[in-house]
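*Asks:* Following this line is protein_39.cif, made up of mmCIF, C-alpha atoms, pLDDT in the B column; chains and numbers go by the auth columns:
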data_target
loop_
_atom_site.group_PDB
_atom_site.id
_atom_site.type_symbol
_atom_site.label_atom_id
_atom_site.label_comp_id
_atom_site.label_asym_id
_atom_site.label_seq_id
_atom_site.Cartn_x
_atom_site.Cartn_y
_atom_site.Cartn_z
_atom_site.B_iso_or_equiv
_atom_site.auth_seq_id
_atom_site.auth_asym_id
ATOM 1 C CA MET A 1 -5.542 57.592 15.587 95.00 7 A
ATOM 2 C CA ALA A 2 -3.096 57.095 18.426 97.00 8 A
ATOM 3 C CA ARG A 3 -0.478 54.398 18.960 98.00 9 A
ATOM 4 C CA VAL A 4 -0.975 53.019 22.452 98.00 10 A
ATOM 5 C CA PHE A 5 1.320 50.797 24.507 98.00 11 A
ATOM 6 C CA LEU A 6 0.106 48.996 27.616 98.00 12 A
ATOM 7 C CA GLY A 7 1.970 46.998 30.218 98.00 13 A
ATOM 8 C CA LEU A 8 0.127 43.931 31.540 98.00 14 A
ATOM 9 C CA GLY A 9 1.041 41.952 34.617 95.00 15 A
ATOM 10 C CA SER A 10 -0.390 39.297 36.916 95.00 16 A
ATOM 11 C CA ASN A 11 0.732 36.967 39.683 93.00 17 A
ATOM 12 C CA ILE A 12 -2.629 35.435 40.662 93.00 18 A
ATOM 13 C CA ASP A 13 -3.789 32.811 38.166 94.00 19 A
ATOM 14 C CA ALA A 14 -1.402 34.712 35.934 95.00 20 A
ATOM 15 C CA GLU A 15 -1.519 32.675 32.743 96.00 21 A
ATOM 16 C CA GLU A 16 -5.323 32.531 32.757 96.00 22 A
ATOM 17 C CA ASN A 17 -5.728 36.247 33.524 96.00 23 A
ATOM 18 C CA ILE A 18 -3.155 37.374 30.964 97.00 24 A
ATOM 19 C CA ARG A 19 -4.641 35.110 28.289 96.00 25 A
ATOM 20 C CA SER A 20 -8.157 36.397 28.986 97.00 26 A
ATOM 21 C CA ALA A 21 -7.026 40.047 28.971 97.00 27 A
ATOM 22 C CA ILE A 22 -5.303 39.598 25.616 97.00 28 A
ATOM 23 C CA GLU A 23 -8.447 38.002 24.159 97.00 29 A
ATOM 24 C CA THR A 24 -10.494 40.986 25.365 97.00 30 A
ATOM 25 C CA LEU A 25 -7.984 43.466 23.953 98.00 31 A
ATOM 26 C CA ARG A 26 -7.982 41.640 20.595 97.00 32 A
ATOM 27 C CA GLU A 27 -11.774 42.011 20.458 97.00 33 A
ATOM 28 C CA LEU A 28 -11.384 45.762 20.990 97.00 34 A
ATOM 29 C CA TYR A 29 -8.286 46.361 18.846 98.00 35 A
ATOM 30 C CA SER A 30 -7.809 44.171 15.789 96.00 36 A
ATOM 31 C CA ASP A 31 -4.211 45.294 15.220 98.00 37 A
ATOM 32 C CA LEU A 32 -3.044 44.234 18.705 98.00 38 A
ATOM 33 C CA VAL A 33 0.643 43.307 18.824 97.00 39 A
ATOM 34 C CA VAL A 34 1.933 41.273 21.789 97.00 40 A
ATOM 35 C CA SER A 35 5.498 41.117 23.109 97.00 41 A
ATOM 36 C CA THR A 36 7.241 38.132 24.595 97.00 42 A
ATOM 37 C CA VAL A 37 5.819 37.254 28.005 97.00 43 A
ATOM 38 C CA TYR A 38 8.371 37.535 30.798 97.00 44 A
ATOM 39 C CA GLU A 39 8.369 36.006 34.227 96.00 45 A
ATOM 40 C CA SER A 40 9.904 37.950 37.073 92.00 46 A
ATOM 41 C CA GLU A 41 10.098 37.924 40.807 86.00 47 A
ATOM 42 C CA ALA A 42 7.771 40.228 42.716 81.00 48 A
ATOM 43 C CA VAL A 43 9.340 43.650 43.267 74.00 49 A
ATOM 44 C CA GLY A 44 8.790 45.465 46.560 71.00 50 A
ATOM 45 C CA PHE A 45 7.025 42.600 48.360 70.00 51 A
ATOM 46 C CA GLN A 46 7.155 38.839 48.874 74.00 52 A
ATOM 47 C CA GLY A 47 4.828 37.017 46.511 81.00 53 A
ATOM 48 C CA ASP A 48 4.491 34.663 43.602 89.00 54 A
ATOM 49 C CA ASN A 49 6.321 35.469 40.399 92.00 55 A
ATOM 50 C CA PHE A 50 4.671 37.797 37.912 94.00 56 A
ATOM 51 C CA LEU A 51 3.996 37.343 34.231 96.00 57 A
ATOM 52 C CA ASN A 52 4.498 40.629 32.354 97.00 58 A
ATOM 53 C CA LEU A 53 4.287 41.766 28.766 98.00 59 A
ATOM 54 C CA VAL A 54 3.604 44.819 26.634 98.00 60 A
ATOM 55 C CA VAL A 55 0.924 45.158 23.979 98.00 61 A
ATOM 56 C CA ALA A 56 0.474 47.835 21.334 98.00 62 A
ATOM 57 C CA PHE A 57 -2.444 48.896 19.166 98.00 63 A
ATOM 58 C CA THR A 58 -3.911 51.826 17.291 98.00 64 A
ATOM 59 C CA ALA A 59 -6.937 53.515 18.865 98.00 65 A
ATOM 60 C CA GLU A 60 -9.413 56.218 18.055 97.00 66 A
ATOM 61 C CA GLU A 61 -10.422 56.657 21.694 97.00 67 A
ATOM 62 C CA SER A 62 -8.991 59.360 23.929 97.00 68 A
ATOM 63 C CA VAL A 63 -6.485 58.536 26.626 97.00 69 A
ATOM 64 C CA ASP A 64 -9.243 58.947 29.244 97.00 70 A
ATOM 65 C CA VAL A 65 -11.583 56.518 27.500 97.00 71 A
ATOM 66 C CA ILE A 66 -8.830 53.915 27.110 98.00 72 A
ATOM 67 C CA SER A 67 -7.894 54.305 30.793 96.00 73 A
ATOM 68 C CA GLU A 68 -11.512 53.669 31.780 96.00 74 A
ATOM 69 C CA LEU A 69 -11.686 50.620 29.490 96.00 75 A
ATOM 70 C CA MET A 70 -8.529 49.190 31.053 96.00 76 A
ATOM 71 C CA ASP A 71 -9.954 49.719 34.562 93.00 77 A
ATOM 72 C CA GLU A 72 -13.076 47.820 33.477 94.00 78 A
ATOM 73 C CA ILE A 73 -10.969 44.940 32.138 96.00 79 A
ATOM 74 C CA GLU A 74 -8.980 44.829 35.401 93.00 80 A
ATOM 75 C CA ASP A 75 -12.195 44.878 37.440 90.00 81 A
ATOM 76 C CA ALA A 76 -13.681 42.067 35.335 92.00 82 A
ATOM 77 C CA HIS A 77 -10.619 39.995 36.260 89.00 83 A
ATOM 78 C CA GLY A 78 -11.112 40.532 39.988 83.00 84 A
ATOM 79 C CA ARG A 79 -8.685 43.410 40.481 70.00 85 A
ATOM 80 C CA ARG A 80 -8.942 44.838 43.971 70.00 86 A
ATOM 81 C CA ARG A 81 -7.887 48.434 44.354 62.00 87 A
ATOM 82 C CA ASN A 82 -6.416 49.843 47.525 64.00 88 A
ATOM 83 C CA HIS A 83 -3.632 52.178 48.461 53.00 89 A
ATOM 84 C CA ASP A 84 -0.940 49.484 48.609 54.00 90 A
ATOM 85 C CA ARG A 85 0.473 49.107 45.086 61.00 91 A
ATOM 86 C CA MET A 86 3.047 46.575 46.263 64.00 92 A
ATOM 87 C CA MET A 87 0.813 43.526 46.456 69.00 93 A
ATOM 88 C CA ALA A 88 -0.292 40.460 44.522 81.00 94 A
ATOM 89 C CA ARG A 89 -2.822 41.143 41.777 83.00 95 A
ATOM 90 C CA THR A 90 -5.026 39.295 39.355 90.00 96 A
ATOM 91 C CA LEU A 91 -4.437 41.784 36.569 94.00 97 A
ATOM 92 C CA ASP A 92 -2.634 45.088 36.259 93.00 98 A
ATOM 93 C CA ILE A 93 -2.894 47.118 33.060 96.00 99 A
ATOM 94 C CA ASP A 94 -0.836 50.299 32.865 96.00 100 A
ATOM 95 C CA MET A 95 -0.872 52.733 29.978 98.00 101 A
ATOM 96 C CA LEU A 96 2.781 53.221 29.142 98.00 102 A
ATOM 97 C CA LEU A 97 2.487 55.485 26.105 98.00 103 A
ATOM 98 C CA TYR A 98 -0.239 57.247 24.177 98.00 104 A
ATOM 99 C CA ASP A 99 1.474 58.527 21.034 96.00 105 A
ATOM 100 C CA ASP A 100 3.952 61.134 22.238 96.00 106 A
ATOM 101 C CA LEU A 101 1.678 62.522 24.957 97.00 107 A
ATOM 102 C CA VAL A 102 3.412 63.846 28.055 98.00 108 A
ATOM 103 C CA ASP A 103 1.002 64.279 30.976 97.00 109 A
ATOM 104 C CA GLU A 104 2.514 64.100 34.444 95.00 110 A
ATOM 105 C CA SER A 105 -0.885 64.014 36.156 95.00 111 A
ATOM 106 C CA MET A 106 -1.716 60.788 34.271 95.00 112 A
ATOM 107 C CA ASN A 107 1.837 59.394 34.561 96.00 113 A
ATOM 108 C CA ILE A 108 2.197 59.257 30.763 97.00 114 A
ATOM 109 C CA PRO A 109 4.747 58.271 29.678 98.00 115 A
ATOM 110 C CA ARG A 110 4.686 55.804 32.555 97.00 116 A
ATOM 111 C CA ASN A 111 7.591 56.253 34.995 96.00 117 A
ATOM 112 C CA GLU A 112 8.018 52.474 35.226 95.00 118 A
ATOM 113 C CA ILE A 113 9.425 52.432 31.664 98.00 119 A
ATOM 114 C CA GLU A 114 12.711 53.674 33.084 96.00 120 A
ATOM 115 C CA THR A 115 12.506 51.723 36.347 94.00 121 A
ATOM 116 C CA TYR A 116 11.525 48.126 35.676 94.00 122 A
ATOM 117 C CA ALA A 117 13.099 45.579 33.349 95.00 123 A
ATOM 118 C CA PHE A 118 9.743 43.819 32.958 95.00 124 A
ATOM 119 C CA VAL A 119 8.376 47.001 31.330 97.00 125 A
ATOM 120 C CA LEU A 120 11.352 48.252 29.339 98.00 126 A
ATOM 121 C CA LEU A 121 12.476 44.954 27.784 98.00 127 A
ATOM 122 C CA PRO A 122 9.127 44.023 26.171 98.00 128 A
ATOM 123 C CA LEU A 123 8.581 47.658 25.160 98.00 129 A
ATOM 124 C CA SER A 124 11.986 47.710 23.491 98.00 130 A
ATOM 125 C CA GLU A 125 10.998 44.547 21.591 98.00 131 A
ATOM 126 C CA LEU A 126 7.822 46.082 20.195 98.00 132 A
ATOM 127 C CA ALA A 127 9.205 49.557 19.514 98.00 133 A
ATOM 128 C CA PRO A 128 13.016 49.447 19.503 98.00 134 A
ATOM 129 C CA ASP A 129 13.479 52.597 17.431 98.00 135 A
ATOM 130 C CA MET A 130 10.634 54.589 18.953 98.00 136 A
ATOM 131 C CA ARG A 131 11.778 57.471 21.137 98.00 137 A
ATOM 132 C CA HIS A 132 10.768 58.163 24.712 98.00 138 A
ATOM 133 C CA PRO A 133 8.625 61.331 24.571 98.00 139 A
ATOM 134 C CA VAL A 134 10.620 63.047 27.332 97.00 140 A
ATOM 135 C CA SER A 135 14.233 61.873 27.037 97.00 141 A
ATOM 136 C CA GLY A 136 14.257 61.358 23.278 97.00 142 A
ATOM 137 C CA ASP A 137 16.199 58.101 23.726 98.00 143 A
ATOM 138 C CA THR A 138 15.153 55.056 21.723 98.00 144 A
ATOM 139 C CA PHE A 139 13.749 52.233 23.796 98.00 145 A
ATOM 140 C CA ILE A 140 16.404 49.823 22.576 98.00 146 A
ATOM 141 C CA ASP A 141 19.136 52.267 23.667 98.00 147 A
ATOM 142 C CA MET A 142 17.419 52.621 27.028 98.00 148 A
ATOM 143 C CA TRP A 143 17.347 48.830 27.402 97.00 149 A
ATOM 144 C CA GLU A 144 21.008 48.458 26.439 97.00 150 A
ATOM 145 C CA ARG A 145 21.967 50.979 29.154 96.00 151 A
ATOM 146 C CA PHE A 146 19.537 49.581 31.751 95.00 152 A
ATOM 147 C CA ASP A 147 21.107 48.199 34.955 91.00 153 A
ATOM 148 C CA LYS A 148 19.857 44.624 34.832 84.00 154 A
ATOM 149 C CA GLY A 149 21.770 43.508 37.922 82.00 155 A
ATOM 150 C CA ASP A 150 19.030 43.294 40.527 80.00 156 A
ATOM 151 C CA GLN A 151 15.923 42.466 38.463 86.00 157 A
ATOM 152 C CA ASN A 152 15.680 38.808 37.524 87.00 158 A
ATOM 153 C CA LEU A 153 13.689 38.360 34.350 92.00 159 A
ATOM 154 C CA TRP A 154 13.303 35.466 31.927 95.00 160 A
ATOM 155 C CA ALA A 155 11.112 34.609 28.963 96.00 161 A
ATOM 156 C CA ALA A 156 8.088 32.561 29.928 95.00 162 A
ATOM 157 C CA ASP A 157 7.084 29.643 27.745 89.00 163 A
ATOM 158 C CA LEU A 158 3.788 31.260 26.703 86.00 164 A
ATOM 159 C CA ASP A 159 2.595 32.268 23.289 79.00 165 A
ATOM 160 C CA PHE A 160 -0.343 34.535 22.592 75.00 166 A
#
Have the structure of the file written as structure tokens, please.
*Replies:*
Amino acid sequence: MARVFLGLGSNIDAEENIRSAIETLRELYSDLVVSTVYESEAVGFQGDNFLNLVVAFTAEESVDVISELMDEIEDAHGRRRNHDRMMARTLDIDMLLYDDLVDESMNIPRNEIETYAFVLLPLSELAPDMRHPVSGDTFIDMWERFDKGDQNLWAADLDF
């Protein structure tokens, strides 16, 4: 069994898409834990604000199988894939952590953990004392040191 952490985000029909994705994930993983939902401005392009959160669960499936399942959930929510990552999206699900796996080709642990407040803050809520598999720092320590100056982020009034 592996402990898996996913980052979810949306800025197209965001509340509906996030709510639906969480329902689907709860059907698959009964022990699903959901962070606070945060609203943030789009990063890297002009667009509507995003809703972001992190979820965690225990899984028997391999990292590859979970990645395929997440792609299917994104596709079912109208996700369009192209080469431009900096664009509006119906649903984005990124695998942040799969136990303590380090696999650069799969971007696990996800680089965005160290880059974006909307990933690190909810992750630090769910797993404050867990250590980053590469740096060894706890996520709460990483959040406390994080430069929050240029990334506006606030709790959304949503409960899942």
*Asks:* When distances are computed from all atoms listed in the file, which of A:Glu110, A:Asp100, A:Asp135, A:Glu120 shows the smallest separation from Ser16 (chain A)?
*Replies:*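 Looking at the shortest contact to Ser16 (chain A), the residue is A:Asp100.
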*Asks:* Quick one: which residues end up in the PyMOL selection byres ((chain A and resi 71-77) around 10) for this structure, as JSON, numbers by chain?
*Replies:* {"A": [10, 12, 27, 31, 34, 65, 66, 67, 68, 69, 70, 78, 79, 80, 81, 82, 83, 85, 97, 98, 99, 100, 101, 104, 112]}
*Asks:* Within 10 Å of Asp19 (chain A), counting only C-alpha atoms, which residues show up once you throw out same-chain ones fewer than 4 positions away? Write them as an MDAnalysis selection string, please.
*Replies:* chainID A and resid 23:24 56:57 95:97
*Asks:* For CA of Asn58 (chain A) and CA of Gly142 (chain A), determine how far apart the two atoms are, in Å to one decimal place.
*Replies:* 24.6 Å
*Asks:* So which residues touch Pro134 (chain A) within 12 Å, counting only C-alpha atoms, skipping near sequence neighbours fewer than 5 positions away, as JSON, numbers by chain?
*Replies:* {"A": [41, 126, 127, 128, 129, 143, 144, 145, 146, 147, 148, 149, 150]}
*Asks:* Apply the PyMOL selection byres ((chain A and resi 159) around 9) to the structure shown and report the selected residues as a PDB file with C-alpha atoms, keeping the file's coordinate frame.
*Replies:*
ATOM      1  CA  TYR A  44       8.371  37.535  30.798  1.00 97.00           C
ATOM      2  CA  GLU A  45       8.369  36.006  34.227  1.00 96.00           C
ATOM      3  CA  SER A  46       9.904  37.950  37.073  1.00 92.00           C
ATOM      4  CA  GLU A  47      10.098  37.924  40.807  1.00 86.00           C
ATOM      5  CA  ALA A 123      13.099  45.579  33.349  1.00 95.00           C
ATOM      6  CA  PHE A 124       9.743  43.819  32.958  1.00 95.00           C
ATOM      7  CA  LYS A 154      19.857  44.624  34.832  1.00 84.00           C
ATOM      8  CA  GLN A 157      15.923  42.466  38.463  1.00 86.00           C
ATOM      9  CA  ASN A 158      15.680  38.808  37.524  1.00 87.00           C
ATOM     10  CA  TRP A 160      13.303  35.466  31.927  1.00 95.00           C
ATOM     11  CA  ALA A 161      11.112  34.609  28.963  1.00 96.00           C
TER      12      ALA A 161
END
*Asks:* One number please: CA of Phe152 (chain A) to CA of Ile18 (chain A), in Å, one decimal.
*Replies:*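 A separation of 27.8 Å between them.
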*Asks:* With a distance cut-off of 8 Å and all atoms listed in the file, select the neighbouring residues of Pro139 (chain A), excluding the residue or stretch itself and same-chain residues fewer than 2 positions from it, and output the selection as a short mmCIF file (atom, residue, chain, number, x, y, z; two decimals) with C-alpha atoms, in the coordinates of the input.
*Replies:*
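The new file out-v3.cif reads:
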data_model
loop_
_atom_site.label_atom_id
_atom_site.label_comp_id
_atom_site.auth_asym_id
_atom_site.auth_seq_id
_atom_site.Cartn_x
_atom_site.Cartn_y
_atom_site.Cartn_z
CA ASP A 106 3.95 61.13 22.24
CA LEU A 107 1.68 62.52 24.96
CA VAL A 108 3.41 63.85 28.06
CA PRO A 115 4.75 58.27 29.68
CA ARG A 137 11.78 57.47 21.14
CA SER A 141 14.23 61.87 27.04
CA GLY A 142 14.26 61.36 23.28
#
*Asks:* Please list as a list in words every residue within 9 Å of Val125 (chain A), counting all atoms listed in the file and excluding residues in the same chain fewer than 5 positions away.
*Replies:*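 After dropping sequence-adjacent residues, the list is Gly13, Leu14, Asn58, Leu59, Val60, Leu102, Glu118, Ile119, Glu120 and Ser130 of chain A.
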*Asks:* Rounded to one decimal, what separation in Å do you get between CA of Asp163 (chain A) and CA of Glu131 (chain A)?
*Replies:*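 Here the two named atoms are 16.6 Å from each other.
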*Asks:* Write out as lines of an AutoDock Vina configuration file an axis-aligned box for region 101-108 of chain A: all of its atoms listed in the file, 4 Å added on each side, centre and edge lengths in Å with one decimal.
*Replies:*
center_x = 1.5
center_y = 58.3
center_z = 25.5
size_x = 12.8
size_y = 19.1
size_z = 16.9
*Asks:* For the provided coordinates, the residues matched by the PyMOL selection byres ((chain A and resi 35) around 10) should be stated as a ChimeraX atom specification.
*Replies:* /A:29-34,36-39,62-66
*Asks:* Looking at A:Arg86, A:Ala48, A:Asn117, A:Val43, which one is nearest to Val140 (chain A), with distances taken over all atoms listed in the file?
*Replies:*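 Nearest to Val140 (chain A): A:Asn117.
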